[in-house]
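One file, structure-v2.cif, is given below (mmCIF, C-alpha atoms).
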```
data_work
loop_
_atom_site.label_atom_id
_atom_site.label_comp_id
_atom_site.auth_asym_id
_atom_site.auth_seq_id
_atom_site.Cartn_x
_atom_site.Cartn_y
_atom_site.Cartn_z
CA MET A 1 0.00 0.00 0.00
CA PRO A 2 1.45 3.39 -0.96
CA THR A 3 2.31 5.82 1.76
CA ALA A 4 -0.48 8.34 2.36
CA THR A 5 0.04 11.87 3.57
CA PHE A 6 -2.43 13.04 6.21
CA THR A 7 -3.21 16.67 6.95
CA ASP A 8 -4.82 17.25 10.34
CA PHE A 9 -5.97 13.62 10.27
CA GLY A 10 -8.31 14.34 7.32
CA GLN A 11 -9.01 12.05 4.37
CA THR A 12 -6.40 11.80 1.64
CA ASP A 13 -7.15 13.31 -1.75
CA ASN A 14 -6.69 9.97 -3.51
CA MET A 15 -8.87 7.85 -1.20
CA ASP A 16 -10.81 5.22 -3.21
CA ASN A 17 -14.35 5.06 -1.81
CA LYS A 18 -14.92 1.76 -3.62
CA ALA A 19 -12.77 0.13 -0.95
CA LEU A 20 -15.64 0.77 1.47
CA TYR A 21 -17.91 -1.51 -0.57
CA ASN A 22 -15.96 -4.52 0.72
CA ILE A 23 -17.14 -3.91 4.29
CA SER A 24 -19.83 -6.50 4.99
CA TYR A 25 -23.30 -5.02 5.56
CA GLY A 26 -26.73 -6.46 6.22
CA LEU A 27 -29.93 -4.82 5.03
CA PHE A 28 -32.72 -3.74 7.36
CA LEU A 29 -36.12 -2.08 7.41
CA LEU A 30 -36.10 0.64 10.05
CA GLY A 31 -39.60 1.55 11.24
CA THR A 32 -40.77 4.05 13.81
CA ASN A 33 -43.89 5.72 15.22
CA ALA A 34 -44.09 9.29 16.44
CA SER A 35 -47.44 10.66 17.63
CA GLY A 36 -49.32 8.19 15.47
CA LYS A 37 -47.23 8.84 12.34
CA ILE A 38 -45.48 5.71 11.07
CA ASN A 39 -42.72 5.48 8.52
CA ALA A 40 -39.82 3.24 7.58
CA CYS A 41 -36.72 3.30 5.44
CA ILE A 42 -34.03 0.90 4.28
CA THR A 43 -30.70 1.03 6.07
CA ASN A 44 -27.52 -1.03 5.74
CA THR A 45 -25.86 0.21 8.91
CA CYS A 46 -26.56 -1.70 12.12
CA ILE A 47 -24.19 -3.41 14.53
CA GLN A 48 -24.44 -4.90 18.01
CA VAL A 49 -22.26 -2.82 20.33
CA ALA A 50 -22.97 -4.39 23.76
CA SER A 51 -24.39 -7.62 25.14
CA ASP A 52 -25.53 -6.97 28.72
CA PRO A 53 -27.86 -5.24 28.22
CA VAL A 54 -28.06 -5.83 24.48
CA ARG A 55 -27.44 -2.62 22.60
CA ILE A 56 -27.16 -1.84 18.90
CA ALA A 57 -26.08 1.18 16.87
CA ILE A 58 -27.73 2.34 13.65
CA SER A 59 -26.81 5.16 11.30
CA VAL A 60 -29.58 7.02 9.44
CA LEU A 61 -29.43 9.75 6.80
CA ASN A 62 -30.41 13.09 8.29
CA GLN A 63 -32.47 13.79 5.15
CA ASN A 64 -34.72 10.79 5.87
CA TYR A 65 -38.17 11.39 7.34
CA THR A 66 -37.63 8.27 9.46
CA CYS A 67 -34.64 9.95 11.09
CA ASP A 68 -36.80 12.91 12.13
CA LEU A 69 -39.47 10.63 13.58
CA ILE A 70 -36.94 8.57 15.59
CA LYS A 71 -35.53 11.77 17.07
CA GLU A 72 -39.06 12.71 18.12
CA SER A 73 -40.21 9.32 19.45
CA GLY A 74 -37.01 7.75 20.77
CA VAL A 75 -38.12 4.29 19.62
CA PHE A 76 -37.82 2.12 16.52
CA CYS A 77 -38.29 -1.41 15.26
CA LEU A 78 -35.68 -3.08 13.06
CA SER A 79 -36.56 -5.87 10.62
CA VAL A 80 -33.57 -7.92 9.45
CA LEU A 81 -34.33 -8.58 5.77
CA ASP A 82 -33.90 -12.06 4.36
CA LYS A 83 -33.07 -13.28 0.86
CA THR A 84 -36.74 -13.44 -0.19
CA ALA A 85 -36.86 -9.62 -0.22
CA GLY A 86 -37.28 -8.43 -3.79
CA PHE A 87 -36.50 -5.12 -5.46
CA ASP A 88 -40.10 -3.93 -5.08
CA LEU A 89 -39.59 -3.87 -1.30
CA PHE A 90 -36.39 -1.84 -1.60
CA LYS A 91 -38.04 0.49 -4.10
CA ARG A 92 -41.07 1.11 -1.83
CA PHE A 93 -39.06 1.89 1.31
CA GLY A 94 -35.77 3.14 -0.12
CA TYR A 95 -36.62 5.05 -3.29
CA GLN A 96 -39.37 7.41 -2.10
CA SER A 97 -39.92 9.72 0.84
CA GLY A 98 -42.48 9.23 3.59
CA ARG A 99 -42.97 13.00 3.52
CA LYS A 100 -44.68 12.61 0.15
CA VAL A 101 -46.28 9.15 0.21
CA ASP A 102 -47.68 6.61 2.68
CA LYS A 103 -45.20 3.78 2.26
CA PHE A 104 -47.46 1.37 4.13
CA ALA A 105 -50.58 1.96 2.01
CA ASP A 106 -51.87 -1.42 0.74
CA PHE A 107 -48.91 -3.16 2.35
CA ALA A 108 -49.01 -5.95 4.96
CA TYR A 109 -47.13 -5.12 8.15
CA LYS A 110 -47.22 -5.60 11.92
CA THR A 111 -46.50 -3.27 14.83
CA ASP A 112 -44.51 -3.75 18.03
CA MET A 113 -45.38 -2.66 21.57
CA ASN A 114 -44.62 0.96 20.66
CA GLY A 115 -46.68 0.93 17.49
CA CYS A 116 -43.57 0.85 15.31
CA PRO A 117 -44.09 -1.00 12.01
CA TYR A 118 -42.17 -4.09 10.98
CA LEU A 119 -42.45 -6.62 8.19
CA ALA A 120 -45.03 -9.38 8.18
CA GLU A 121 -42.74 -11.33 5.82
CA HIS A 122 -39.28 -11.12 4.19
CA ALA A 123 -37.62 -10.74 7.61
CA CYS A 124 -35.68 -13.29 9.65
CA SER A 125 -35.40 -11.28 12.90
CA VAL A 126 -37.15 -8.30 14.49
CA PHE A 127 -35.83 -5.99 17.23
CA THR A 128 -37.80 -3.50 19.30
CA CYS A 129 -35.48 -0.75 20.47
CA LYS A 130 -35.33 2.29 22.75
CA VAL A 131 -32.89 5.08 21.85
CA LEU A 132 -30.28 5.85 24.50
CA SER A 133 -28.21 8.45 22.67
CA LYS A 134 -27.83 10.15 19.32
CA THR A 135 -24.82 11.74 17.65
CA ASP A 136 -24.90 14.00 14.59
CA LEU A 137 -22.29 12.77 12.10
CA GLY A 138 -22.93 15.41 9.46
CA THR A 139 -24.81 13.52 6.75
CA HIS A 140 -26.12 10.90 9.21
CA THR A 141 -27.23 10.53 12.82
CA LEU A 142 -25.86 7.66 14.87
CA PHE A 143 -28.40 6.19 17.29
CA VAL A 144 -27.34 3.87 20.11
CA ALA A 145 -30.32 1.91 21.40
CA GLU A 146 -31.20 -0.82 23.88
CA VAL A 147 -32.94 -3.87 22.46
CA VAL A 148 -35.99 -4.34 24.70
CA ASP A 149 -37.50 -7.23 22.72
CA ALA A 150 -36.35 -9.57 19.94
CA GLU A 151 -37.85 -12.44 18.00
CA LEU A 152 -36.98 -14.80 15.19
CA ALA A 153 -39.44 -13.95 12.44
CA GLY A 154 -38.45 -16.61 9.92
CA SER A 155 -35.89 -19.21 8.94
CA GLY A 156 -34.50 -17.48 5.86
CA GLU A 157 -30.91 -16.32 5.53
CA PRO A 158 -30.22 -12.59 6.01
CA VAL A 159 -29.59 -10.68 2.80
CA THR A 160 -26.42 -8.61 2.47
CA TYR A 161 -25.64 -5.37 0.69
CA ALA A 162 -23.44 -7.40 -1.68
CA ASP A 163 -26.46 -9.62 -2.52
CA TYR A 164 -28.49 -6.50 -3.27
CA GLN A 165 -25.85 -5.05 -5.59
CA SER A 166 -25.16 -8.32 -7.44
CA SER A 167 -28.56 -10.00 -7.79
CA ILE A 168 -31.45 -7.79 -6.58
CA LYS A 169 -30.86 -4.28 -7.88
CA PRO A 170 -31.63 -3.93 -11.61
CA LYS A 171 -28.67 -3.03 -13.77
CA VAL A 172 -28.68 0.39 -15.41
CA LYS A 173 -29.24 0.02 -19.15
CA VAL A 174 -27.37 2.62 -21.14
CA GLU A 175 -28.92 3.37 -24.54
CA SER A 176 -25.83 3.53 -26.72
CA SER A 177 -27.68 5.35 -29.51
CA LYS A 178 -28.49 8.34 -27.28
CA LYS A 179 -26.15 10.91 -25.79
CA ILE A 180 -25.95 11.11 -21.99
CA ILE A 181 -26.11 14.72 -20.79
CA GLY A 182 -26.43 14.13 -17.05
CA TRP A 183 -27.38 11.81 -14.21
CA LYS A 184 -30.43 11.77 -11.92
CA CYS A 185 -30.57 10.44 -8.36
CA LYS A 186 -33.30 7.80 -8.16
CA ILE A 187 -33.76 8.49 -4.47
CA CYS A 188 -34.41 12.24 -4.31
CA GLY A 189 -34.42 13.38 -7.95
CA TYR A 190 -31.27 15.54 -7.80
CA GLU A 191 -29.74 16.06 -11.25
CA TYR A 192 -25.99 16.10 -11.90
CA MET A 193 -25.66 17.75 -15.31
CA ASN A 194 -22.45 16.28 -16.63
CA PRO A 195 -22.03 13.35 -19.07
CA GLU A 196 -19.48 11.68 -16.78
CA LEU A 197 -20.50 10.69 -13.24
CA PRO A 198 -17.50 10.10 -10.93
CA SER A 199 -17.54 6.60 -9.43
CA ASP A 200 -17.09 8.04 -5.93
CA TYR A 201 -19.81 10.69 -6.36
CA THR A 202 -22.46 11.03 -3.66
CA CYS A 203 -25.72 12.94 -3.94
CA PRO A 204 -25.41 16.33 -2.21
CA LEU A 205 -29.07 16.16 -1.14
CA CYS A 206 -29.64 12.61 0.13
CA GLY A 207 -26.10 11.20 0.37
CA HIS A 208 -26.68 8.15 -1.86
CA PRO A 209 -23.78 6.88 -3.99
CA ALA A 210 -23.25 6.91 -7.76
CA GLU A 211 -24.89 3.47 -8.03
CA ASP A 212 -28.25 5.10 -7.30
CA PHE A 213 -28.06 7.50 -10.27
CA GLU A 214 -29.59 6.86 -13.70
CA PRO A 215 -28.60 8.53 -16.97
CA ILE A 216 -30.39 11.56 -18.42
CA TYR A 217 -30.45 11.37 -22.21
CA GLU A 218 -30.44 14.18 -24.74
CA SER A 219 -33.92 14.86 -26.12
CA ALA A 220 -34.50 13.69 -29.68
#
```

Translate the structure described by the file into C-alpha cells.
Amino acid sequence: MPTATFTDFGQTDNMDNKALYNISYGLFLLGTNASGKINACITNTCIQVASDPVRIAISVLNQNYTCDLIKESGVFCLSVLDKTAGFDLFKRFGYQSGRKVDKFADFAYKTDMNGCPYLAEHACSVFTCKVLSKTDLGTHTLFVAEVVDAELAGSGEPVTYADYQSSIKPKVKVESSKKIIGWKCKICGYEYMNPELPSDYTCPLCGHPAEDFEPIYESA
C-alpha cells in the first residue's frame, strides 16, 4: 500500500471510496412511530455494540423522514431482511420519501409494543429498540439503542448489501444510440448535469452513492 500523507488527520485526496464496498453489511427495514405517524426506510448500517444489556447502533441519513421521527419518538423497530426480499420492497421503502407518500398503504405489516411497524414477511429477525443516545455525524445521525424485545421472524438467511448489488438491484441500461447529458438520483431526484458521473460521487441532497443515479439522455 502506498504511503499516504495526512493533513490534520483528514481524508487523503486519492482515497478510493470503492474500498468501502468490501465492508460486509446487512440490510434492514427501520420503522418508527411518532405521535401516530409511522414510517420506515431501508438502512444497511446496524451493529451490536454491547451484550448486557443488548445494545445496537444504527446510522440514518439526516435527510430521511424516518430519522426525524426517531428523534421525536425515541423508539424504533428493526426488521432484518432475508433473501426473499425483492427489489419492489427496496423500491417502496428506499426510493421514495415518507414525507410525500404513505409507504405502508396497501402493504401488509405488523406493529410492536410501541406501534412501530415491521415486516409481516421477508424478515428473519425483528428488534424492538429504545434510543439511549444520538450523535450527529454530518450527513447521518448515529443512534445507540437498547434492544428491549427480539424475536426470530423466519428461517431465511439474512440478505447482504453485496447480494443486493449483485442479484437484486436492476442493472442500469445505457442506450448507446443516445447521448448522456447528465445523471439523476433515483432516491431524491437531484440532477448532476455532466455526461461523466465520478464513481465516488455522492448525492449532495440525500447522500446516496453513484450506483443510485440513472442517466439523463439528450432529447431527440

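Each of A:Phe213, A:Phe90, A:Tyr161, A:Tyr192 was checked against Ile23 (chain A) using only C-alpha atoms; the smallest atom-to-atom distance is that of A:Tyr161.
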
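For the pair CA of Asn114 (chain A) and CA of Val75 (chain A), the separation is 7.4 Å.
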
Checklist entry - Hey, what's within 12 Å of region 141-144 of chain A if we count all atoms listed in the file and toss same-chain stuff fewer than 2 positions away? As a VMD selection string, please? => result chain A and resid 30 45 to 50 54 to 64 66 to 68 70 to 71 74 to 76 129 to 139 146 to 147

Item to check | the PyMOL selection byres ((chain A and resi 39) around 9) applied to the shown file, residues as a list of chain:residue names | outcome: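 This file, filtered by the PyMOL selection byres ((chain A and resi 39) around 9), leaves A:Leu30, A:Gly31, A:Thr32, A:Asn33, A:Ala34, A:Lys37, A:Ile38, A:Ala40, A:Cys41, A:Tyr65, A:Thr66, A:Leu69, A:Phe93, A:Gly98, A:Asp102, A:Lys103, A:Phe104, A:Cys116, A:Pro117.
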
Checklist entry - Restricting the calculation to all atoms listed in the file, which member of A:Lys169, A:Ala162, A:Glu151, A:Asn14 is positioned closest to Asp88 (chain A)? => result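 Checking each of A:Lys169, A:Ala162, A:Glu151, A:Asn14 against Asp88 (chain A), counting all atoms listed in the file, the winner is A:Lys169.
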
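A straight line drawn from CA of Cys185 (chain A) to CA of Lys171 (chain A) is 14.6 Å long.
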
Apply the PyMOL selection byres ((chain A and resi 44) around 6) to the structure shown and report the selected residues as a PDB file with C-alpha atoms, in the coordinates of the input.
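This is the output file expr-v1.pdb:
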```pdb
ATOM      1  CA  TYR A  25     -23.300  -5.020   5.560  1.00  0.00           C
ATOM      2  CA  GLY A  26     -26.730  -6.460   6.220  1.00  0.00           C
ATOM      3  CA  LEU A  27     -29.930  -4.820   5.030  1.00  0.00           C
ATOM      4  CA  THR A  43     -30.700   1.030   6.070  1.00  0.00           C
ATOM      5  CA  THR A  45     -25.860   0.210   8.910  1.00  0.00           C
TER       6      THR A  45
END
```

Item to check | Expansion of the PyMOL selection byres ((chain A and resi 155) around 10) into residues, as a PyMOL selection string | outcome: chain A and resi 82+122-125+152-154+156-158

Item to check | Pick from A:Gln165, A:Val159, A:Phe127, A:Glu196 nearest to Ala145 (chain A), counting all atoms listed in the file | outcome: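 Going through A:Gln165, A:Val159, A:Phe127, A:Glu196 one by one, the smallest distance to Ala145 (chain A) is for A:Phe127.
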
Next on the checklist: I'd like the interatomic distance between CA of Met193 (chain A) and CA of Glu218 (chain A), to a tenth of an Å.
Outcome noted: 11.2 Å

Checklist entry - Of the residues A:Gly189, A:Ser177, A:Cys77, A:Asp163, which is the one nearest to Lys110 (chain A), using all atoms listed in the file? => result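 Closest residue, counting all atoms listed in the file: A:Cys77.
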
Next on the checklist: With distances taken over all atoms listed in the file, which residue among A:Ser73, A:Ser24, A:Thr128, A:Ser35 lies nearest Thr160 (chain A)?
Outcome noted: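 Answer, going by the shortest atom-to-atom distance: A:Ser24.
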
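With all atoms listed in the file as the atoms that count, the minimum distance from Lys184 (chain A) to the choices A:Ala105, A:Ala210, A:Ile216, A:Leu89 is reached by A:Ile216.
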
Item to check | Nearby residues (only C-alpha atoms) at most 12 Å from Lys178 (chain A), same-chain spacing under 6 positions excluded, as a PyMOL selection string | outcome: chain A and resi 195+215-220

Start from the incomplete input, build N, CA, C and O atoms for region 112-134 of chain A, and deliver everything as a PDB file, in the frame of the given file.
```pdb
ATOM      1  N   ASP A 112     -45.021  -3.273  16.750  1.00  0.00           N
ATOM      2  CA  ASP A 112     -44.510  -3.750  18.030  1.00  0.00           C
ATOM      3  C   ASP A 112     -45.234  -3.057  19.182  1.00  0.00           C
ATOM      4  O   ASP A 112     -46.246  -2.367  18.979  1.00  0.00           O
ATOM      5  N   MET A 113     -44.739  -3.205  20.383  1.00  0.00           N
ATOM      6  CA  MET A 113     -45.380  -2.660  21.570  1.00  0.00           C
ATOM      7  C   MET A 113     -45.477  -1.136  21.567  1.00  0.00           C
ATOM      8  O   MET A 113     -46.308  -0.548  22.263  1.00  0.00           O
ATOM      9  N   ASN A 114     -44.611  -0.498  20.752  1.00  0.00           N
ATOM     10  CA  ASN A 114     -44.620   0.960  20.660  1.00  0.00           C
ATOM     11  C   ASN A 114     -45.366   1.471  19.431  1.00  0.00           C
ATOM     12  O   ASN A 114     -45.358   2.665  19.146  1.00  0.00           O
ATOM     13  N   GLY A 115     -45.980   0.546  18.703  1.00  0.00           N
ATOM     14  CA  GLY A 115     -46.680   0.930  17.490  1.00  0.00           C
ATOM     15  C   GLY A 115     -45.779   1.135  16.297  1.00  0.00           C
ATOM     16  O   GLY A 115     -46.206   1.659  15.267  1.00  0.00           O
ATOM     17  N   CYS A 116     -44.511   0.722  16.418  1.00  0.00           N
ATOM     18  CA  CYS A 116     -43.570   0.850  15.310  1.00  0.00           C
ATOM     19  C   CYS A 116     -43.785  -0.275  14.301  1.00  0.00           C
ATOM     20  O   CYS A 116     -43.917  -1.441  14.696  1.00  0.00           O
ATOM     21  N   PRO A 117     -43.814   0.029  13.011  1.00  0.00           N
ATOM     22  CA  PRO A 117     -44.090  -1.000  12.010  1.00  0.00           C
ATOM     23  C   PRO A 117     -42.885  -1.893  11.733  1.00  0.00           C
ATOM     24  O   PRO A 117     -41.738  -1.456  11.775  1.00  0.00           O
ATOM     25  N   TYR A 118     -43.192  -3.168  11.455  1.00  0.00           N
ATOM     26  CA  TYR A 118     -42.170  -4.090  10.980  1.00  0.00           C
ATOM     27  C   TYR A 118     -42.790  -5.037   9.976  1.00  0.00           C
ATOM     28  O   TYR A 118     -44.022  -5.083   9.812  1.00  0.00           O
ATOM     29  N   LEU A 119     -41.983  -5.799   9.298  1.00  0.00           N
ATOM     30  CA  LEU A 119     -42.450  -6.620   8.190  1.00  0.00           C
ATOM     31  C   LEU A 119     -43.205  -7.854   8.649  1.00  0.00           C
ATOM     32  O   LEU A 119     -42.797  -8.534   9.599  1.00  0.00           O
ATOM     33  N   ALA A 120     -44.285  -8.155   7.924  1.00  0.00           N
ATOM     34  CA  ALA A 120     -45.030  -9.380   8.180  1.00  0.00           C
ATOM     35  C   ALA A 120     -44.362 -10.568   7.500  1.00  0.00           C
ATOM     36  O   ALA A 120     -44.597 -11.720   7.858  1.00  0.00           O
ATOM     37  N   GLU A 121     -43.515 -10.290   6.511  1.00  0.00           N
ATOM     38  CA  GLU A 121     -42.740 -11.330   5.820  1.00  0.00           C
ATOM     39  C   GLU A 121     -41.462 -10.704   5.286  1.00  0.00           C
ATOM     40  O   GLU A 121     -41.259  -9.499   5.399  1.00  0.00           O
ATOM     41  N   HIS A 122     -40.581 -11.548   4.726  1.00  0.00           N
ATOM     42  CA  HIS A 122     -39.280 -11.120   4.190  1.00  0.00           C
ATOM     43  C   HIS A 122     -38.320 -10.652   5.266  1.00  0.00           C
ATOM     44  O   HIS A 122     -37.389  -9.886   4.990  1.00  0.00           O
ATOM     45  N   ALA A 123     -38.538 -11.086   6.513  1.00  0.00           N
ATOM     46  CA  ALA A 123     -37.620 -10.740   7.610  1.00  0.00           C
ATOM     47  C   ALA A 123     -37.314 -11.999   8.406  1.00  0.00           C
ATOM     48  O   ALA A 123     -38.176 -12.846   8.612  1.00  0.00           O
ATOM     49  N   CYS A 124     -36.067 -12.107   8.856  1.00  0.00           N
ATOM     50  CA  CYS A 124     -35.680 -13.290   9.650  1.00  0.00           C
ATOM     51  C   CYS A 124     -35.589 -12.965  11.137  1.00  0.00           C
ATOM     52  O   CYS A 124     -35.663 -13.869  11.972  1.00  0.00           O
ATOM     53  N   SER A 125     -35.423 -11.694  11.502  1.00  0.00           N
ATOM     54  CA  SER A 125     -35.400 -11.280  12.900  1.00  0.00           C
ATOM     55  C   SER A 125     -36.014  -9.888  13.029  1.00  0.00           C
ATOM     56  O   SER A 125     -35.988  -9.108  12.071  1.00  0.00           O
ATOM     57  N   VAL A 126     -36.553  -9.613  14.223  1.00  0.00           N
ATOM     58  CA  VAL A 126     -37.150  -8.300  14.490  1.00  0.00           C
ATOM     59  C   VAL A 126     -36.693  -7.833  15.866  1.00  0.00           C
ATOM     60  O   VAL A 126     -36.731  -8.606  16.832  1.00  0.00           O
ATOM     61  N   PHE A 127     -36.285  -6.560  15.964  1.00  0.00           N
ATOM     62  CA  PHE A 127     -35.830  -5.990  17.230  1.00  0.00           C
ATOM     63  C   PHE A 127     -36.638  -4.741  17.574  1.00  0.00           C
ATOM     64  O   PHE A 127     -36.775  -3.841  16.753  1.00  0.00           O
ATOM     65  N   THR A 128     -37.157  -4.696  18.783  1.00  0.00           N
ATOM     66  CA  THR A 128     -37.800  -3.500  19.300  1.00  0.00           C
ATOM     67  C   THR A 128     -36.794  -2.761  20.156  1.00  0.00           C
ATOM     68  O   THR A 128     -36.184  -3.343  21.062  1.00  0.00           O
ATOM     69  N   CYS A 129     -36.602  -1.473  19.869  1.00  0.00           N
ATOM     70  CA  CYS A 129     -35.480  -0.750  20.470  1.00  0.00           C
ATOM     71  C   CYS A 129     -35.886   0.605  21.047  1.00  0.00           C
ATOM     72  O   CYS A 129     -36.790   1.276  20.546  1.00  0.00           O
ATOM     73  N   LYS A 130     -35.153   0.993  22.108  1.00  0.00           N
ATOM     74  CA  LYS A 130     -35.330   2.290  22.750  1.00  0.00           C
ATOM     75  C   LYS A 130     -34.018   3.060  22.628  1.00  0.00           C
ATOM     76  O   LYS A 130     -32.958   2.580  23.029  1.00  0.00           O
ATOM     77  N   VAL A 131     -34.093   4.267  22.078  1.00  0.00           N
ATOM     78  CA  VAL A 131     -32.890   5.080  21.850  1.00  0.00           C
ATOM     79  C   VAL A 131     -32.313   5.560  23.171  1.00  0.00           C
ATOM     80  O   VAL A 131     -33.024   6.079  24.033  1.00  0.00           O
ATOM     81  N   LEU A 132     -31.000   5.385  23.319  1.00  0.00           N
ATOM     82  CA  LEU A 132     -30.280   5.850  24.500  1.00  0.00           C
ATOM     83  C   LEU A 132     -29.500   7.129  24.231  1.00  0.00           C
ATOM     84  O   LEU A 132     -29.353   7.977  25.114  1.00  0.00           O
ATOM     85  N   SER A 133     -28.986   7.251  23.019  1.00  0.00           N
ATOM     86  CA  SER A 133     -28.210   8.450  22.670  1.00  0.00           C
ATOM     87  C   SER A 133     -28.218   8.641  21.172  1.00  0.00           C
ATOM     88  O   SER A 133     -28.476   7.700  20.401  1.00  0.00           O
ATOM     89  N   LYS A 134     -27.943   9.864  20.752  1.00  0.00           N
ATOM     90  CA  LYS A 134     -27.830  10.150  19.320  1.00  0.00           C
ATOM     91  C   LYS A 134     -26.674  11.116  19.110  1.00  0.00           C
ATOM     92  O   LYS A 134     -26.422  11.994  19.921  1.00  0.00           O
TER      93      LYS A 134
END
```
